[in-house]
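K.L.:
Before I ask anything, let me first share the structure, which is written out below as structure tokens.
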Amino acid sequence: MEIGPQDVVGRQILAELQRDGRLTITELAERVRLSVSRCQRRVRELERAGVLRGYHAVVNPVSIGLGFEVLVFVNLNKGDGASLAAFDAAVAAIPEVVQAERLYGIPDYLLRVVTADNESYQRLFEEKLGTLPTVERLSSTIVMKPVVGPRPLPT
């Protein structure tokens, strides 16, 4: 399901839930000017269709001891389907990799990794990242500071 530009109410629901995923259905209905029952039906439709994929809290990584963030650029030495699937599965199993994206061109992947400090990252690099299947080259860049954090998608 895709929400087209003409679905003003659907886009309003998405905007409000992205701002505050803890809104009650009553509060949401008031904000988008729908009855509670109609608003609940629309939200359920968006969930079933995969437009709304979940509700999450945004945690300050520094407050839980994960203030060291690294972007890792990965080049693979094989690009066949089985190699890509093996890499995808292996990287998904590493909890410190909080985001991973396959890219067009070079590098093949961009990983966002969080650890406690440089020493923790070095251990992760040597023990896990460096042993990922079909990796030809890893290049790390330490994040100085976040400028634009997780934010709502434009609606």
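Scheme for the structure tokens: letters A, B, ... for chains in order shown; per-chain residue numbers from 1; ligand numbers from 1 in order shown.
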Which residues are near segment 79-90 of chain A? Cut-off 8 Å, only C-alpha atoms, ignore same chain within fewer than 3 positions. Put them as a tab-separated table (two decimals) with all heavy atoms, in the first residue's frame.

P.N.:
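Output contents, as saved in result.tsv:
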chain	number	residue	atom	x	y	z
A	76	LEU	N	32.98	-5.66	-0.74
A	76	LEU	CA	32.98	-7.12	-0.79
A	76	LEU	C	33.79	-7.60	-1.98
A	76	LEU	O	33.93	-6.89	-2.97
A	76	LEU	CB	31.55	-7.66	-0.90
A	76	LEU	CG	30.57	-7.25	0.20
A	76	LEU	CD1	29.20	-7.87	-0.06
A	76	LEU	CD2	31.10	-7.64	1.58
A	93	ALA	N	23.32	-10.08	12.60
A	93	ALA	CA	23.50	-10.76	13.87
A	93	ALA	C	24.43	-10.02	14.84
A	93	ALA	O	24.63	-10.47	15.96
A	93	ALA	CB	24.06	-12.17	13.62
A	94	ILE	N	24.96	-8.87	14.43
A	94	ILE	CA	25.87	-8.10	15.29
A	94	ILE	C	25.07	-6.94	15.91
A	94	ILE	O	24.72	-5.99	15.21
A	94	ILE	CB	27.06	-7.55	14.47
A	94	ILE	CG1	27.83	-8.70	13.82
A	94	ILE	CG2	27.98	-6.71	15.37
A	94	ILE	CD1	28.91	-8.25	12.85
A	132	LEU	N	33.55	-10.92	8.76
A	132	LEU	CA	32.32	-11.07	7.99
A	132	LEU	C	32.61	-11.72	6.64
A	132	LEU	O	33.68	-11.48	6.05
A	132	LEU	CB	31.66	-9.69	7.77
A	132	LEU	CG	31.01	-9.07	9.00
A	132	LEU	CD1	30.69	-7.59	8.74
A	132	LEU	CD2	29.77	-9.83	9.40
A	133	PRO	N	31.69	-12.53	6.13
A	133	PRO	CA	31.96	-13.25	4.87
A	133	PRO	C	32.12	-12.31	3.68
A	133	PRO	O	31.42	-11.31	3.57
A	133	PRO	CB	30.73	-14.14	4.70
A	133	PRO	CG	29.70	-13.61	5.62
A	133	PRO	CD	30.38	-12.83	6.69
A	134	THR	N	33.04	-12.64	2.82
A	134	THR	CA	33.34	-11.98	1.53
A	134	THR	C	33.81	-10.54	1.65
A	134	THR	O	33.82	-9.82	0.65
A	134	THR	CB	32.15	-12.07	0.54
A	134	THR	OG1	31.10	-11.22	0.97
A	134	THR	CG2	31.66	-13.50	0.37

K.L.:
Which residues, written as a list in words, have at least one atom at most 12 Å from Pro61 of chain A, with only C-alpha atoms counted and residues fewer than 2 positions away on the same chain left out?

P.N.:
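The residues satisfying every condition are Ala57, Val58, Val59, Ser63, Ile64, Gly65, Leu66, Gly67, Phe68, Glu69, Glu96, Val98, Val113, Val114, Thr115, Ala116, Asp117, Pro146 and Gly149 of chain A.
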
K.L.:
Can I get the selection written as a PDB file, in the first residue's frame, with N, CA and C atoms?

P.N.:
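again.pdb written:
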ATOM      1  N   ALA A  57      10.926   3.915  20.819  1.00  0.00           N
ATOM      2  CA  ALA A  57      11.468   4.997  21.632  1.00  0.00           C
ATOM      3  C   ALA A  57      12.835   5.363  21.066  1.00  0.00           C
ATOM      4  N   VAL A  58      13.180   6.629  21.095  1.00  0.00           N
ATOM      5  CA  VAL A  58      14.500   7.081  20.658  1.00  0.00           C
ATOM      6  C   VAL A  58      15.341   7.264  21.919  1.00  0.00           C
ATOM      7  N   VAL A  59      16.391   6.457  22.039  1.00  0.00           N
ATOM      8  CA  VAL A  59      17.222   6.432  23.235  1.00  0.00           C
ATOM      9  C   VAL A  59      18.516   7.200  22.975  1.00  0.00           C
ATOM     10  N   SER A  63      23.672   8.063  27.114  1.00  0.00           N
ATOM     11  CA  SER A  63      23.103   7.778  28.434  1.00  0.00           C
ATOM     12  C   SER A  63      23.154   6.299  28.792  1.00  0.00           C
ATOM     13  N   ILE A  64      23.369   5.428  27.811  1.00  0.00           N
ATOM     14  CA  ILE A  64      23.484   3.992  28.110  1.00  0.00           C
ATOM     15  C   ILE A  64      24.883   3.463  27.779  1.00  0.00           C
ATOM     16  N   GLY A  65      25.839   4.381  27.704  1.00  0.00           N
ATOM     17  CA  GLY A  65      27.230   3.977  27.540  1.00  0.00           C
ATOM     18  C   GLY A  65      27.631   3.592  26.126  1.00  0.00           C
ATOM     19  N   LEU A  66      26.915   4.070  25.133  1.00  0.00           N
ATOM     20  CA  LEU A  66      27.250   3.768  23.735  1.00  0.00           C
ATOM     21  C   LEU A  66      27.496   5.055  22.947  1.00  0.00           C
ATOM     22  N   GLY A  67      28.393   5.880  23.455  1.00  0.00           N
ATOM     23  CA  GLY A  67      28.641   7.177  22.858  1.00  0.00           C
ATOM     24  C   GLY A  67      29.675   7.216  21.748  1.00  0.00           C
ATOM     25  N   PHE A  68      30.213   6.075  21.362  1.00  0.00           N
ATOM     26  CA  PHE A  68      31.217   6.018  20.299  1.00  0.00           C
ATOM     27  C   PHE A  68      30.545   5.481  19.049  1.00  0.00           C
ATOM     28  N   GLU A  69      30.414   6.328  18.047  1.00  0.00           N
ATOM     29  CA  GLU A  69      29.706   5.948  16.820  1.00  0.00           C
ATOM     30  C   GLU A  69      30.662   5.972  15.637  1.00  0.00           C
ATOM     31  N   GLU A  96      25.781  -4.422  17.717  1.00  0.00           N
ATOM     32  CA  GLU A  96      26.377  -3.077  17.665  1.00  0.00           C
ATOM     33  C   GLU A  96      26.158  -2.399  16.315  1.00  0.00           C
ATOM     34  N   VAL A  98      23.771  -0.880  14.233  1.00  0.00           N
ATOM     35  CA  VAL A  98      22.404  -0.388  14.432  1.00  0.00           C
ATOM     36  C   VAL A  98      21.727   0.005  13.124  1.00  0.00           C
ATOM     37  N   VAL A 113      27.667   1.837  13.422  1.00  0.00           N
ATOM     38  CA  VAL A 113      28.037   0.995  14.557  1.00  0.00           C
ATOM     39  C   VAL A 113      28.152   1.865  15.807  1.00  0.00           C
ATOM     40  N   VAL A 114      27.640   1.364  16.932  1.00  0.00           N
ATOM     41  CA  VAL A 114      27.807   2.061  18.207  1.00  0.00           C
ATOM     42  C   VAL A 114      28.487   1.130  19.203  1.00  0.00           C
ATOM     43  N   THR A 115      29.437   1.695  19.942  1.00  0.00           N
ATOM     44  CA  THR A 115      30.123   0.973  21.019  1.00  0.00           C
ATOM     45  C   THR A 115      30.372   1.952  22.158  1.00  0.00           C
ATOM     46  N   ALA A 116      30.962   1.435  23.227  1.00  0.00           N
ATOM     47  CA  ALA A 116      31.252   2.282  24.389  1.00  0.00           C
ATOM     48  C   ALA A 116      32.399   3.246  24.128  1.00  0.00           C
ATOM     49  N   ASP A 117      33.426   2.749  23.422  1.00  0.00           N
ATOM     50  CA  ASP A 117      34.626   3.564  23.252  1.00  0.00           C
ATOM     51  C   ASP A 117      35.479   2.983  22.125  1.00  0.00           C
ATOM     52  N   PRO A 146      26.450  14.059  15.997  1.00  0.00           N
ATOM     53  CA  PRO A 146      25.256  13.979  15.155  1.00  0.00           C
ATOM     54  C   PRO A 146      24.736  15.388  14.877  1.00  0.00           C
ATOM     55  N   GLY A 149      19.500  14.028  13.652  1.00  0.00           N
ATOM     56  CA  GLY A 149      19.248  12.711  14.221  1.00  0.00           C
ATOM     57  C   GLY A 149      18.034  12.063  13.583  1.00  0.00           C
TER      58      GLY A 149
END

K.L.:
Could you jot down the atom CA of Ala100 of chain A to atom CA of Arg11 of chain A separation for me, Å, one decimal place?

P.N.:
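Computing the Euclidean distance for atom CA of Ala100 of chain A and atom CA of Arg11 of chain A yields 27.2 Å.
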
K.L.:
Contacts of Arg19 of chain A at 12 Å or less, counting only C-alpha atoms, minus same-chain residues fewer than 6 places along, as a ChimeraX atom specification?

P.N.:
/A:12-13,28,31,55-58,150-155

K.L.:
Run DSSP on the backbone and tell me which residues of segment 52-103 of chain A come out as helix (DSSP H, G or I); list them as a list in words.

P.N.:
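So the helix (DSSP H, G or I) residues in segment 52-103 of chain A would be Pro61, Val62, Ser63, Ile64, Gly81, Ala82, Ser83, Leu84, Ala85, Ala86, Phe87, Asp88, Ala89, Ala90, Val91 and Ala92 of chain A.
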
K.L.:
Among segment 34-109 of chain A, which residues does DSSP mark as strand (DSSP E or B) when it is run on the backbone? Keep the chain and numbering as in the structure and answer as a list in words.

P.N.:
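Listing strand (DSSP E or B) positions across segment 34-109 of chain A yields Phe68, Glu69, Val70, Leu71, Val72, Phe73, Val74, Asn75, Leu76, Val97, Val98, Gln99, Ala100, Glu101, Arg102 and Tyr109 of chain A.
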
K.L.:
May I have the residues within 10 Å of Val32 of chain A as a PDB file with C-alpha atoms, in the first residue's frame, using only C-alpha atoms and disregarding those fewer than 2 positions away in the same chain?

P.N.:
ATOM      1  CA  VAL A   8      -4.507  14.049   3.367  1.00  0.00           C
ATOM      2  CA  VAL A   9      -5.885  12.292   6.446  1.00  0.00           C
ATOM      3  CA  GLY A  10      -3.527   9.332   6.051  1.00  0.00           C
ATOM      4  CA  ARG A  11      -0.576  11.702   5.820  1.00  0.00           C
ATOM      5  CA  GLN A  12      -1.805  13.648   8.864  1.00  0.00           C
ATOM      6  CA  ILE A  13      -2.029  10.417  10.860  1.00  0.00           C
ATOM      7  CA  ALA A  15       2.841  12.938  10.703  1.00  0.00           C
ATOM      8  CA  GLU A  16       1.248  12.927  14.154  1.00  0.00           C
ATOM      9  CA  GLU A  27      -5.767  12.240  21.016  1.00  0.00           C
ATOM     10  CA  LEU A  28      -4.841  11.233  17.483  1.00  0.00           C
ATOM     11  CA  ALA A  29      -8.472  11.372  16.339  1.00  0.00           C
ATOM     12  CA  GLU A  30      -8.810  14.901  17.743  1.00  0.00           C
ATOM     13  CA  LEU A  34     -11.812  12.026  12.746  1.00  0.00           C
ATOM     14  CA  SER A  35     -14.094  10.029  14.988  1.00  0.00           C
ATOM     15  CA  CYS A  39      -9.246   6.930  13.204  1.00  0.00           C
TER      16      CYS A  39
END

K.L.:
Quick one: of A:Arg22, A:Tyr104, A:Ser139, A:Ile3, who's nearest to Gly50 of chain A, counting only C-alpha atoms?

P.N.:
A:Ile3

K.L.:
Take atom CA of Asp108 of chain A and atom CA of Glu126 of chain A and report the distance between them in Å, one decimal.

P.N.:
19.7 Å

K.L.:
Provide the atom CA of Glu47 of chain A to atom CA of Gln18 of chain A distance in Å, to one decimal place.

P.N.:
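Pair atom CA of Glu47 of chain A / atom CA of Gln18 of chain A returns 13.4 Å.
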
K.L.:
Using only C-alpha atoms, which of the listed residues (A:Leu52, A:Leu71, A:Ile25, A:Val97) sits closest to Gln40 of chain A?

P.N.:
A:Ile25

K.L.:
Using only C-alpha atoms, pick whichever of A:Gln6, A:Leu111, A:Gly21, A:Arg48 has the shortest atom-to-atom distance to Pro95 of chain A.

P.N.:
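So, comparing all the options, the nearest one is A:Leu111.
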